[in-house]
Each structure stands twice: as C-alpha cells, then as structure tokens.
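Asker: Quick one: this structure, given as structure tokens, is what I'll be asking you about.
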Amino acid sequence: TNVKGLLTIAIDPVVKIANLLPCELEVQLGQLVVGKEKQEQNIDRVVVGGDNDVTVKCEEQLHIPVGLEEAGVRINPCWRPHLRLRLPGYVDWSAWHRIINRKASSCTWHTDNDHGDEDFTTYVKLERSGGDGLTIIVSVEVGHCPTIRIYAQYWILDKTGFGCRFCDGFSDILGKQADVTTSRRSWLPQGRTNDSTKSKKGHEWSLGKDGMTLFFSKKEKIAFCIETDKVTTKTSTKDPLSLWISLIDISNVLPKTVLSVDERNGNRRFDLAIGVTVCPSIFSRTKLITLYPRFTIVNWLDSDIFVAQDGLHQQQDSQHVHISSRSSVPFQWARQSLPLKIRLGHSTSDHDIDRVVWTNGCIPLDKIGITSLRSPQEVASCAKEQQQSMVIQAEVRLATKEQSSAVVVVIWSATTEDSSHPLYKLRNNTFRTILCRQPLYDDSAATRSGNGDDSFSLSACGPTETDVNKSMDCGSANMLIKSILGLDHPEPEFVWVLRRGETAFFGFDDPEKLHILEWTCVTNNSTSFDNTANSTVAEVDAMGSFSTLALQDGTEIRCQIGAQHSTKVIEFSEKKPWGGREKELKEMLLSSSSSSNNIPTTLDQEDISIRFRLDLPAISLSVIQNECGREILLWVLDTFVFDFAQNSEGYHEIELTCMSLQVDNHVQSSIHPVLLFCPISSGKEPLIHMSAVRSPSSSGSLAFRYVAIRILDLDIRLDRRTAETIANFLQPLANDNGLMASSSHQTPQEWIAQLTKRISNVSFTTKSTRIYIEQLHLHPVRLGLTFTQERMEWRSSSQEEHIAFQILRGMASIANAPLKFTSFMVANVFESPIALSRIIITHYTSQLTTQIFGIIGSLAILHAPADFISNVGTGVRDFFYEPINGLVHGPGAFVEGLEIGTQSLARGVFVGVVKSAANVTSVVNSNLAGLTADEDFMDERKAHQRMLIDRRGSLQDSLNLASNSVARSFKSGAVGIWEQPARYASMHGTVGFVKGVGKAMVGAVVKPMVGVGDAAVLVMNHVTDAASIQNQQQVLPKRLRRALPQKKCGSVELVPYDDRAAKAQKIVTGGESLEDIYVGHLAIPTHLVIASEAFLWAIDTSSREPWSIKWEEISHFNANDLQLNLTVFGQQGLRSFVFDVEDESQLEKFQNLLAIQVHRMGNGGNTSVINTGSFYESLPGIQAPQLDHIFGSCNNVRKKLNSTIKDEIDVVEQCFARVKELDSSSPDFFRTLDENAWGLIDSWGQVFSGLNSRRCITAGLINGTGYDVQIKSTKLVEGGSPCYSIPSKEFDAEQGLLKPGGCVLFFGWGVVPNLLQPGNVVMSIETNACEVDLSIRTNYSGAKAGYHVGFLEKSVTEWWAKYWLLVRKIS
C-alpha cells in the first residue's frame, strides 16, 4: 500500500490455519502432482470432484496447539492445494480435501467456478478402529491469504457422572438403535487409550472420555441415553442402562432444561438437565452442550451422612448414597414409583450402613425452600443430651449458572451460631421449665387441654383454634386402622426441655407435618408430657402470632413468635396475675385481638401518627450510549406517588403507584418509535400499584404482613436493531456473571484448560439474611409482544459472542403475541431475597416457556388469518350473547340485542376481511421493495413508515398520505430510469451501465406497485380503525430525542433537555431518517444556525427556508464588527455569506460553534492564507499588479474542441505549450492560468464522453512564499496515467524549483470504470513546503513547519475535480 509517499510491502503466507478445537491438531498440506513426481514416496491417490484420479503429495505438516494459528508456506496455490487432519487418539489421517478459495478478485488462487462466496465450509470425517467416528468442520475465509478455521459444531460436557451416548437419529423405527454415523460417547473403557495419546492435550474431547466429547449433527438435534453408570468399565455393555431420550433441538441457545429417563431393565429414574450456550471469544462458531444431574446434594456438616429415597431407607439392598463431610454428590432416584423425597441418616459406627439411624421426616426435592429438622439420636438417656440434639437445616435452591446441576440441596448444621443463621431458636425467659414437641400423631393432640378459651389464643395472622383442632383430629376410623396395622403404640415424640434462661436450636421431627409446636410448663424435673398437664400449641411459621397458657396460681405463660436477624425466635415469657384495673385492660386487649381475623392491607387512618407523601408529576430516565453519544431510550413514568405512613403500634404502610409508563425508542433507524407502553391508560387505575404493610421489629429483621404488586397490561414493540443495541449496551453488565465473565479476562488456552478440568466442588453459602412476608400477592400480568425482523449487516465473530445475537438472528417477525402470566400468591414466606427472587423468576420463565408455541400463531406471516378469526369470533360471540342477554329483560330488549349482535357480526366480518387484506398486502409490499435493490428507496420507505406508525387522523389525512406514497414511488421509479444507469456507469463502466439499466427497469415497474400497495394499506388500516368497536389508542413518543451538544474533543455534553435543540436536531436528521449527528445551534436575528456532523445549516426565520452546506465546502470564516463572514467553495469559485448578530457575546458563540468543525474546513478557518482584500498585492514574487480574479469563475465556459486534438496527449501538450509562456509580469497572469486549467477539463470531457468517460483532476500550485519551492514528487496513487506537470516560466525543470510568484499545473486521469475498478483518481504532491493528497471525493493538505497552505478553489463533480492551492511562508 502507498500512504503519503511511503510504500508498505506486506508478505503473507500462502494460507493460515486456526485450530478452534479444544484439542491439539495435526494438519498435512498437499498439492497436485503431475508427471514423473508421481513415482515419489509419501503420495496418496484420491478422487476429487469426478471420475478422474488426482495424485496429491504432502508438502508440509503442521502441529497446531489449542486456540492458536499456524501458517502454511510450502504449497503452490496454482496446484490445487489439499489438506487432511488428524486428532489425538486417531491413528489414521482423514481423506484429502481440496482448499477452495472462491474470492472473485483473488489473483493467486485459481478456481473451477466463481460464486462470490465469502466463506466456504466442508466436513472432514475421521474414523477410529473400534470407536466412534468424528466429523470436523473446515471453514475457508476467502481472500488473497485465506484463513482456514477448523472447529467442531458442538462440544459436549457431561457432568452427570455416567457414561452417556449421543446421536442425532435412529436406525430403527422404534428409536432404540442409534445411528452409528453420528454416534459419540462421553466415556471410554479402560485400556482403550495408550500412553502417547494421554500426553496430548485435549485428547479427552477427540476420543470421548471423562465426560468430554465432540459432536456433529446436520439436523441440529441430539438424543442421548445413559450407557453405563460405571465409566471405568473395561468393556461396553450390549444394551444401554437407560432408555433413549427423544430428539432435542440444539439449533439455538437453551437454558437449563430438566428431563427424565427411566432405567431400561430396572426401577431407577435418572433426572438430568441440559443446557446449550455459545462458546466465547474465538470459539463462538461452536455451541457448548452441557449435561447436568438435576439434583446435587451438598454435605456441609462436620460428619458424613447417608441419603436414601423415602420408602427405601430401611431396605438393606437399596442404593444408599454416602456423602463425606464438606463434599457434594449428584443424586438419582432408586425407584421411579416413589415420591421425590429423601431421608438423611447418620451411621453410629464408622460408616457402617447397617447401623444408620434415619430422620423421622423427609425432605421433598420438588419444592424450593428451606427447612429445619432434628437429627436422629440412637441413645438419649438424659435431658441434657436431648437438649444438645443436632439440628440440621436443609435448603432446596435453584442452582446458579456456575453450579453443575439444576437444583442444589445444601445440608448444614444449625447447632452452633458461628456456623450459620439458624432457622428456629427456642428461648426460655421464664422461671419455669418449658417442654416442647412437634405433634406427630393424632392422639397427642388430645393431651392438649386448657382453661377455657384463655388457654389457647393466637393472633389474627395465625390459624384459629378450630382450624388447628380439625387438622389434628382424624376421627375414630383412623384410630381403628392404626390398631389393625399395629401402629396404635408409635414411638414417643421427641421433647425439647428448656430450663430457666436456656436457649436451644429447634428442628422439626417431620417437616412435612403441620409446623405446630405443642408446649407446656412444668415445675418439677419432668422431661415428658403428663397427660394431666395443660398444654397449648403455637404456629411456628406465623410471624407475630402467640399463644398463652394460664397456670393455677394465675400466672400467664406466653409463647411469642418473632424474628431476630434471619432466625425465627420462639420466646417464652411469664406474667404475674392481673388485678383490678389490669384485669379489665387484659379483657380489652383480648377482645381487640380476637376481633381482627383478616390480614390488614392498610392502616386505620385515625390511628396514623406519621405520614410522608411524595407526589411527582413525572419521572424520566434517559439512557445514553457512550459509543455514539446518542440517547437511545427514554423512560417516562407519569404521576408517580410514594406514600409512607406509621401508626401508633409501629406498623409501616408503604404504597407506590404510577399511572402510566412509556419507553420511547430513539435507536438509530429503529422501526418502532415506542418500545413499551400501557394500552389501557384511562387515568382511573394506576399502571403499577405496589402496597406493603411492615410489622414492627426491634431485632433488625424485615417482616411484612402484606405485600402486593399489580401491573396492568403492557405492549412491547421491538425490532432487531433495537434489540441488538440494547444487548450491546447491557453486555458489560452481563459479563459480570456466567460463561462470558469467566472468559472475558482469560486467554482461549486458559479457558479451555479450565473447561477440561474435572468437575470440582462448588463452594456454597449457608449464611443469608432472610425476610418474612406473611402474605405475598403478585397479580397476573399480560403482555403483548411485537418483534420485527429486518436485514442487517453481518457482524464479526467477536460481536457474535453475545447469546442475544444468536437468538435475534433466528427469530421471525411477531405481531401482537399475547403473553399471560398467572398470579403468584404465597403465605408465610421466610426466605433470603436472592432465593425468593429466583423462585419468582422461575415462576414466570416456566410460563414463558409454555407459551412459546402460542407465539407461532402471532407470526407476521400468519397474522392476517389470525386477525380475521379474532374479529369474526368477537362478532359471533356478540351475535348470540346480546339477544340472549336482552331476552332476560323483555321482548324490547331482545329486539335491541338482536340488532346490536347482528351489527357486531357484520362489523367483525368486515373488519376481519379488510384487516387481513391489509396485513397480506403489507407483507407482499415488503418483499417487493427488496426486489428493487435500491437502498435509498428502501431507507426512504422505512423512514416514512416509521413516521406513520400509530398516527391517527381523518379520512382526508389518510387519503393525502396515500396519494403522497403513490407520487413518491412513481417519482423514484422515473428518476431511477436515468439516475441509476449513470450512477452504475460511473462506478463500473459499460457493465455497470447495463446493470443500472436493468435495476432502473425493475424499479420503474416495481416501485409504483409498492407505492400503490402502501397507499392501499394506509386506507384499509384507517377503515378498520374507524369501523372497529375498540378504541385505537394513538401511541406517540413523549418528546423528541434529546440533543447532546458536542465538544471540541469529540465527546458530548450532558445537558438538560432543550426542546428547541431537539427540534434543530430533528431538522439535521431529516426526522430521524438521516444518519447525521447534531453538534449545536444558535439563534441569531435573521437565521437559526445549526451545526451537524456533516453540514452547517442556516434557516431563514422569516421564510423558514433551509440552507445547508458541507463543512468541506467551507473555506474559512472571520468576524467583522457585529458580522460574521462565511466564505465557501462553489462551482464558480469562492463566495461569501454575511450573518448579522446582536452583540459581541452572540458573535463569540457563533465563532465557537463553527470552531468545533474548523478542522474539516478547506482552509481550517485560517484567514491569513486567504485575504480577498489584499490578496494579489501581498504575494511576494509577483512582477506586475494583477487584475481581480476569483479562481473558478470561468469554470462553466464551454469551448469547441480544437480540430488538431486527436487524443489525450494532444490536450496536455497544447496546454503545456500555452502555460510555459506565462509569467507574473502579465496583469492577467492568474486569470489566464485559471482559464487553461479549466480548458484541460473542458477538452477532456469532449475527448472522453459517453460510456468511454474517464475521471480527471487538475490542481494548480502557486508559490507565495518569497522563496524557491522544490517539487519533490508528483504521482497518481490511483489512476490510469502519469501525473503531468505543466509549469509557468518561473519553474526550473532541471532542479525542480518553483520560483516565487510561479505556478505549476498538475493533471492526471483514471481508467474507464469497470466491475473491478471504479476509475478513481488519487493525486499525491510533495514539496519542501507541503504535502497534498487530492481525489474526486476527498482532499488533504498538510503544511510543513514554517509554511501555510490553503485552497483558493475546490470545484468537485462526479467526473472531474479542480483545485488551486497557495503556499505561503509564516512571517
């Protein structure tokens, strides 16, 4: 390449090969051999592309590590290069495969055919004796130096602990025999790997070993089975251990999905989970399939435990799972017919399974949550040992992305406080001994007697006494059955003994029973319940509830359920007998407590002691994208109210309401201007309503009696461009977690090494802060989803890392897809915020998964019949419902209902037919618009449709818009007839002209059809909106996009929203249809001046007429009094525009606004170079005073071509003969030079015209330095001729020196445009004073130290360019 006189020579290898596999790779490169060389060794004979045998010789062998790239340099591209592969564990090489490079402009790679593909892929099959085959993908990125990427379609990471087999189809109808062509395994019997293979990195992936394997499927589907549960077996079993799982679609990303498979000839059931993600970084072409066990049990105790499925724990032959201390193991069900529950056991003799004591209760694994249960004790001889009984806490939680399962069951001890926050704690603050137990049997409830109603009292938030009695009383029939079965004398329930001032950690004997605590008070040393003693119960999970027990001496013992940090505290306290006035107060409190049976959702207004209310008319949040300094989203919440109140008892009421929510979409070229809005905003019901009542607590823990959230219907309108922009914006946040986070700071080799490691134990956190919510109500949510797919430019592999891009690229357009989510209502929630949020997210995501297939009916291509069915269905319903409803009120109402129903049916049929026709026409128009292949037309149509979205008006307005659409399409088709052939001819010559004519003819026919179709859609949509009984809400952006002024450094300035600046921005962006950027604006008395990235705008305040000019077309600006002079380049030379300002301050702001883009002006705002007043007089070296002349003023003067000119050389020679006689002694020296420069262009256009036209450049350089200027080099970097120099008399040709006041003309031209070359001309001039690069489209001038260089003229068209430059010395 050549840049500013420097020639850079790049030497590339013949081919580059990148190893994107997780294992080492060996590659052999070969080429075609002919003649006598066929007799040499190391030659294989293969057949390529037909019946002719081709001999290939290996020229080079490469060993490529994981994630690296090697170069091949020993093959000749002209001799049909081939390659073959070998992976660790495969002795034989693959077959030879030809390297096909299909790049059209390649000069070194020869191909049989040319399809212009940018990427060519082929499949390489590897075979292994006694093992599974393997298919690898070879991708060739075409080019002068093609890059060959070798990768696998899928990596499979099997974390189940079993030996699995995979395939993408079956060879039999019953689906029992795997297709051997795609079969792969994740395990390898012992003895199948030699030592040399083990030493190669990543051999587990290529062989299928230790849970790692590679997979290929053209169908993009996978089925698998568990082949063995002992991955170290020496031989493979004939039949797999489990049945085959049905084919799963793996064409796209897939979150962790649970699936089950039964044992083939047994009772076991295997619960597994599968997930599909995109590999990060350079491996993004590959998807990673991960298999997990559904359940992982983590033992965080200091001792080993045993786990067994409920119902099999007493069987000696059952499969008990042993879990060592501080370790984890996956868990599978031993019998598929039993419930999904487990029991825990402790061995009393060194892991002896015959001496395991099991818990009384079970832990259900299909319910998320935490529970606390008492650990079994084999011998309990004294009360002290009973009080020290171990309490185990078990939490069933959803696994995170990093954990190797779908559900994690964490088991830890709550006996010591330093280990974790216990779930339950007993505390005795009385002077007596308290006995507690969980009632497990019905007859234990009979021991509970009280002193009338006073012996048992619960607060309003707990269950009533009647409910508890009903739950415990099973009747005499149950007792009879127990007697027959021999269960009438069960083991006694465990009793917790609390001495005076003692505390103990509590756990249920059976967590599945009612969480009720039966308790009593004794004065002796008794450790068991006496049948004659009074007892009562307390509901443990009801926060704030209490129960009382009255003793014979009048003392009252109270059991209160409270919270301290993350622990529920069951506290016992006593109160001495009441007397006189105190007894009346007690009765008042009891009556007040029993009168409130419902949970209060609001506080009594008369009892409120403190109230705080915040009313905001609106809250807006603006999202700015740093990359482009553009506002992309605007969140607006209208009528936001926050209300906080506290009553005298310490209860807090929190209420938050928001009447409406709207998110405006300001992403560049987005289709939908509003991203999210509420279709039902009557102003009566708030869109978001959240209320909560917090209970008083002095322990620091959060406790709520009531929390409710309600959200009205929401509509989401999204397009692919907006979705990808938001995904890019959120990607830094997403990288903090998950696969991308781990890979963002690792090299590919480090990431592969970490992935290849054996599965290690994941650390778990047992300490967590919990909140208590007595009643949580999340109301149903209804969403309407619209997604518009659109054609976008292809992204590089680094950008395709994001999973969202993989999903968005494969989605189809969706129109008004209904998504309905049911309510979420739970009671007595006591969970950590993280666990609770996971449960809620799972509740909604599971419903979203089930509604995926319902979205198919909302695809845009199916939306027309769906609309018809919906509208007609509504009419049919009204046709039957309205008369029947009227018949109830009388004959008159029946007739009226019949009339209403008939009208509704007719309206539904009409609206359904018309709306369906409008949708079908819209889809057809979109496809027809693509046939025009006119990017400008498609962009203009898209911008116009975006402006019309959700626009409402009268029928006259719709007809006007329809007529404008038709007129615009006819105009575009007519203009394209002469514009497109000329445009393509200027780029590609004769072939381009033919191509342009073809596109113009297609556009002339198709564009009017598209315009008529769009007009029909506009009218039909208006008719359906007017005829529909439903009110069509007009959804418009809340405001225009925020205008962010730019600074000189290129960054934007965050300023408050300015409506006038936003309107100015709308002007420069053409209503968001042009890709221009607002810089700033200034209002002066006569004009509104707007600066954008590409243009300077001046809008007349009186006539509203806009005027704009490119920054490159501006020469300079200067201030004179209260005026600013703006000098611009034109086809007739320099022109000046004068703008009046009010004062010096406004003048300074005007100059600062222009100074932001001064670097893009022709002369950089440097007025010392160009001075129109004393320009000629101040030039040193000028021998005679010159007549006033503006360079470029003679440009449009046409002269007939001299008959002596035959070709281009004659044009140059005759001009050379005229100019060499000129010098500055003549008063019209500059005018004559300018006329000769224009004469070159004028004559050139007459010599080369029509399809033989060529581009040309003329540049004149004037020496105004007062010293000699040396011309070092002049050349055409791009073009079809030398750079001709045409000097005046002051030029010394021998030394290349231009004397002061002298001038040199430079002239050059390009080739005739064709498909390979557009015929551009790029001229480079280097002197000791400056460096200049000139072309038809761009120009650059750089002065060296001590000099100034400026443009006197810049006249540029599509076919020619004319420049005049003046070089001066800095004084």
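Note on naming: chains are A, B, ... as they come in the structure tokens, residues start from 1 per chain, ligands start from 1 in the order shown.
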Write out as a CSV table (one decimal) with C-alpha atoms, in the first residue's frame all residues of stretch 1096-1321 of chain A that backbone DSSP assigns to helix (DSSP H, G or I).

Answerer:
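And here is the file that came out, result.csv:
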chain,number,residue,atom,x,y,z
A,1111,TRP,CA,-18.1,21.5,6.1
A,1112,GLU,CA,-15.6,20.6,3.5
A,1113,GLU,CA,-17.1,23.1,1.1
A,1144,GLU,CA,-20.2,40.5,20.9
A,1145,SER,CA,-21.4,37.7,23.1
A,1146,GLN,CA,-23.5,36.2,20.3
A,1147,LEU,CA,-20.7,36.7,17.9
A,1148,GLU,CA,-18.4,34.7,20.2
A,1149,LYS,CA,-20.9,31.9,20.5
A,1150,PHE,CA,-21.2,31.8,16.7
A,1151,GLN,CA,-17.4,31.5,16.3
A,1152,ASN,CA,-17.2,28.8,18.9
A,1153,LEU,CA,-19.9,26.8,17.2
A,1154,LEU,CA,-18.1,27.0,13.9
A,1155,ALA,CA,-14.7,26.3,15.6
A,1158,VAL,CA,-12.9,24.0,11.8
A,1159,HIS,CA,-10.6,21.1,11.2
A,1160,ARG,CA,-12.9,19.9,8.4
A,1208,GLU,CA,-5.4,12.9,-24.5
A,1209,ILE,CA,-1.8,13.6,-25.2
A,1210,ASP,CA,-2.7,16.4,-27.6
A,1211,VAL,CA,-4.8,18.0,-24.8
A,1212,VAL,CA,-1.8,18.0,-22.4
A,1213,GLU,CA,0.8,19.1,-24.9
A,1214,GLN,CA,-1.3,22.1,-26.2
A,1215,CYS,CA,-2.0,23.3,-22.6
A,1216,PHE,CA,1.8,22.8,-21.8
A,1217,ALA,CA,2.7,25.0,-24.7
A,1218,ARG,CA,0.4,27.8,-23.6
A,1219,VAL,CA,1.3,27.8,-19.9
A,1229,PHE,CA,-1.5,36.0,-15.2
A,1230,PHE,CA,-3.8,34.4,-12.7
A,1231,ARG,CA,-6.9,34.7,-14.9
A,1232,THR,CA,-5.1,33.0,-17.8
A,1233,LEU,CA,-3.8,30.2,-15.6
A,1234,ASP,CA,-7.3,29.6,-14.4
A,1235,GLU,CA,-8.7,29.5,-17.9
A,1236,ASN,CA,-6.0,27.0,-19.0
A,1237,ALA,CA,-6.8,24.8,-16.0
A,1238,TRP,CA,-10.4,24.8,-16.9
A,1239,GLY,CA,-9.5,24.2,-20.6
A,1240,LEU,CA,-7.9,20.9,-19.7
A,1241,ILE,CA,-11.1,19.7,-18.0
A,1242,ASP,CA,-13.4,21.0,-20.8
A,1243,SER,CA,-11.3,19.4,-23.5
A,1244,TRP,CA,-11.0,16.2,-21.6
A,1245,GLY,CA,-14.8,15.9,-21.3
A,1246,GLN,CA,-15.1,16.2,-25.1
A,1247,VAL,CA,-12.4,13.7,-25.9
A,1250,GLY,CA,-20.4,8.6,-23.0
A,1251,LEU,CA,-19.5,5.0,-22.0
A,1252,ASN,CA,-15.8,5.9,-22.6

Asker: Run DSSP on the backbone of this structure and report the residues of stretch 1183-1331 of chain A it assigns to strand (DSSP E), as a PyMOL selection string.

Answerer: chain A and resi 1256-1264+1269-1278+1284-1287+1291-1292+1297-1298+1303-1309+1322-1327+1330-1331

Asker: Atom CA of A:Cys678 and atom CA of A:Arg721, how far apart in Å?

Answerer: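 Atom-to-atom, atom CA of A:Arg721 and atom CA of A:Cys678 are spaced 22.5 Å apart.
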
Asker: For A:Leu1074, find every residue with an atom within 9 Å (counting only C-alpha atoms), except residues of its own chain fewer than 3 positions away, and show them as a VMD selection string.

Answerer: chain A and resid 668 to 669 943 1068 to 1071 1077

Asker: Can you tell me which residues surround stretch 335-340 of chain A at a distance of at most 7 Å, considering only C-alpha atoms, apart from same-chain residues fewer than 4 positions away, and format the answer as a ChimeraX atom specification?

Answerer: /A:267-269,364-366

Asker: Between atom CA of A:Lys1047 and atom CA of A:Ile1156, what is the distance, to one decimal in Å?

Answerer: 6.9 Å

Asker: What does the distance between atom CA of A:Cys225 and atom CA of A:Ser251 come to in Å, to one decimal place?

Answerer: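 According to the coordinates, atom CA of A:Cys225 and atom CA of A:Ser251 are separated by 19.8 Å.
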
Asker: Residues at most 9 Å from A:Lys995, counting only C-alpha atoms, excluding those fewer than 5 positions away in the same chain, as a ChimeraX atom specification?

Answerer: /A:980-981,984-985,990,1000

Asker: How would the residues just chosen look if you wrote them out with N, CA and C atoms as a short mmCIF file (atom, residue, chain, number, x, y, z; two decimals), in the first residue's frame?

Answerer:
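Result went into out14.cif, see below:
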data_model
loop_
_atom_site.label_atom_id
_atom_site.label_comp_id
_atom_site.auth_asym_id
_atom_site.auth_seq_id
_atom_site.Cartn_x
_atom_site.Cartn_y
_atom_site.Cartn_z
N GLN A 980 -29.95 5.77 -12.14
CA GLN A 980 -29.23 4.54 -11.80
C GLN A 980 -28.25 4.11 -12.90
N PRO A 981 -28.60 4.16 -14.20
CA PRO A 981 -27.58 3.83 -15.20
C PRO A 981 -26.35 4.73 -15.13
N TYR A 984 -24.26 3.72 -11.89
CA TYR A 984 -23.52 2.47 -12.00
C TYR A 984 -22.48 2.55 -13.11
N ALA A 985 -22.74 3.34 -14.16
CA ALA A 985 -21.73 3.51 -15.21
C ALA A 985 -20.51 4.24 -14.67
N THR A 990 -19.09 0.17 -18.64
CA THR A 990 -20.12 -0.37 -19.52
C THR A 990 -20.95 -1.43 -18.83
N ALA A 1000 -32.95 -0.10 -13.10
CA ALA A 1000 -33.88 1.00 -13.36
C ALA A 1000 -35.19 0.47 -13.94
#

Asker: For A:Gly67, which of A:Asp1207, A:Asp92, A:Asp239, A:Glu24 is the closest residue, counting only C-alpha atoms?

Answerer: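 Closest to A:Gly67 of all the choices is A:Glu24.
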
Asker: Excluding same-chain residues fewer than 5 positions from stretch 1265-1281 of chain A, what lies within 8 Å of it counting only C-alpha atoms, as a ChimeraX atom specification?

Answerer: /A:2,1179-1181,1295-1301,1308-1311,1319-1329,1347,1367-1369

Asker: Which residue, A:Val693, A:Ala727, A:Ala1015, A:Met1001, has the smallest gap to A:Ala962 when you use only C-alpha atoms?

Answerer: A:Ala1015

Asker: Restricting the calculation to only C-alpha atoms, which member of A:Lys1199, A:Lys57, A:Arg710, A:Lys999 is positioned closest to A:Val975?

Answerer: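 Smallest distance to A:Val975 is found for A:Lys999.
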